[in-house]
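K.L.:
Mind looking over this structure? Questions follow.
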Amino acid sequence: MTRLYDFKWTPAYDHKLAQLWNQKDPVLTAQQIGEHFGGLSKSSILGRVHRLDLPRRESPIVRDPNAPAPPPRPPSVPLAMHRTGALPTPEPVKPIFPEFSKHPCSWPIGSPKAPDFRFCNAKALWGRSYCPEHLKIAYVRKCDHGSVDHLQQSA
């Protein structure tokens, strides 16, 4: 049995490829043509078709006419606008998340679904996510609740 990596194109194989490529009924895909040659990949078939300069043909893949059209692509900014610097300036957007490089407090204020939702944004302690006020609320030790002290007093 011939291994695929040992496959060599011969004039006879080129002739057979040209016949299968130009066949009208049924029109075979490149993958189906590759199966006629013992399982060659569609890329090797298409590469050989290109090197033999065989004529282009319509795709044999039938598209569903009732399928929804792909969504339209957003318009791109023309290259000339990039070169001239005439790019439109975007409107300022209210940041959803604080800029973590400046170390603001990340304590959420309000409901995330509400339009007035924001973060505290006060200066956070170094290495922490919150300002001193919100740090006291976020990290509560058991002894701060009195539960540990209460157990020691009753014992």
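Chain labels A, B, ... are given in the sequence in which chains occur in the structure tokens; within each chain residues are numbered consecutively from 1, and ligands are likewise numbered from 1 in the order shown.
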With a distance cut-off of 9 Å and only C-alpha atoms, select the neighbouring residues of region 53-56 of chain A, excluding the residue or stretch itself and same-chain residues fewer than 4 positions from it, and output the selection as a count of residues only.

P.N.:
5

K.L.:
In Å, how far is it from CA of Phe119 (chain A) to CA of Pro104 (chain A)?

P.N.:
8.7 Å

K.L.:
List the spatial neighbours of Glu133 (chain A) as a PyMOL selection string - criterion: any atom at most 12 Å away, only C-alpha atoms, same-chain residues fewer than 6 positions off excluded.

P.N.:
chain A and resi 105-107+120-125+139-140

K.L.:
Write a file of the selected residues as a PDB file, in the first residue's frame, keeping C-alpha atoms.

P.N.:
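Result went into part-v7.pdb, see below:
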```pdb
ATOM      1  CA  CYS A 105     -11.260  51.723  45.582  1.00  0.00           C
ATOM      2  CA  SER A 106     -13.240  48.994  43.834  1.00  0.00           C
ATOM      3  CA  TRP A 107     -16.201  49.038  46.230  1.00  0.00           C
ATOM      4  CA  CYS A 120     -16.139  54.281  45.134  1.00  0.00           C
ATOM      5  CA  ASN A 121     -12.897  55.305  43.350  1.00  0.00           C
ATOM      6  CA  ALA A 122     -11.314  56.765  46.502  1.00  0.00           C
ATOM      7  CA  LYS A 123      -7.612  56.052  46.940  1.00  0.00           C
ATOM      8  CA  ALA A 124      -7.197  52.395  47.870  1.00  0.00           C
ATOM      9  CA  LEU A 125      -4.577  51.170  50.297  1.00  0.00           C
ATOM     10  CA  TYR A 139     -12.667  42.224  55.819  1.00  0.00           C
ATOM     11  CA  VAL A 140     -14.313  41.613  59.156  1.00  0.00           C
TER      12      VAL A 140
END
```

K.L.:
Between CA of Leu52 (chain A) and CA of Lys16 (chain A), what is the distance, to one decimal in Å?

P.N.:
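It comes out at 12.2 Å.
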
K.L.:
If we count only C-alpha atoms, what is near region 35-44 of chain A at a cut-off of 9 Å, once residues fewer than 2 positions away on the same chain are taken out, given as a list in words?

P.N.:
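Here the qualifying residues turn out to be Thr2, Arg3, Leu4, Phe7, Tyr13, Leu17, Thr29, Ala30, Gln31, Gln32, Ile33, Leu46, Gly47, Arg48 and Val49 of chain A.
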
K.L.:
Would you write out those residues with C-alpha atoms, as a compact mmCIF listing (two decimals), in the first residue's frame?

P.N.:
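Printed below is out_16.txt as written:
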```
# COMPACT_ATOMS: atom_id res chain seq x y z
CA THR A 2 1.31 3.45 -0.91
CA ARG A 3 1.64 5.92 1.91
CA LEU A 4 0.26 9.39 1.28
CA PHE A 7 2.55 9.91 -3.40
CA TYR A 13 -2.63 11.14 -12.37
CA LEU A 17 -7.31 14.91 -11.97
CA THR A 29 -15.49 18.66 -4.30
CA ALA A 30 -11.71 18.74 -3.89
CA GLN A 31 -12.04 16.41 -0.91
CA GLN A 32 -14.04 13.90 -2.96
CA ILE A 33 -11.45 14.08 -5.74
CA LEU A 46 -6.27 22.34 -5.00
CA GLY A 47 -2.52 23.00 -5.09
CA ARG A 48 -2.07 20.60 -8.01
CA VAL A 49 -5.08 22.14 -9.82
```

K.L.:
Which is closest to Trp126 (chain A) among A:Val27, A:Ala12, A:His103, A:Gln19, if we use only C-alpha atoms?

P.N.:
A:His103

K.L.:
Quote the spacing between CA of Arg128 (chain A) and CA of Pro108 (chain A) in Å to one decimal place.

P.N.:
14.7 Å

K.L.:
Can you check which residues of region 110-139 of chain A DSSP gives as alpha helix (DSSP H) on the backbone and send them as an MDAnalysis selection string?

P.N.:
chainID A and resid 132:138

K.L.:
Can you work out which one of A:Arg73, A:Ile61, A:Arg141, A:Phe117 has the shortest atom-to-atom distance to Pro26 (chain A), counting only C-alpha atoms?

P.N.:
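Of A:Arg73, A:Ile61, A:Arg141, A:Phe117, the one nearest Pro26 (chain A) is A:Ile61, counting only C-alpha atoms.
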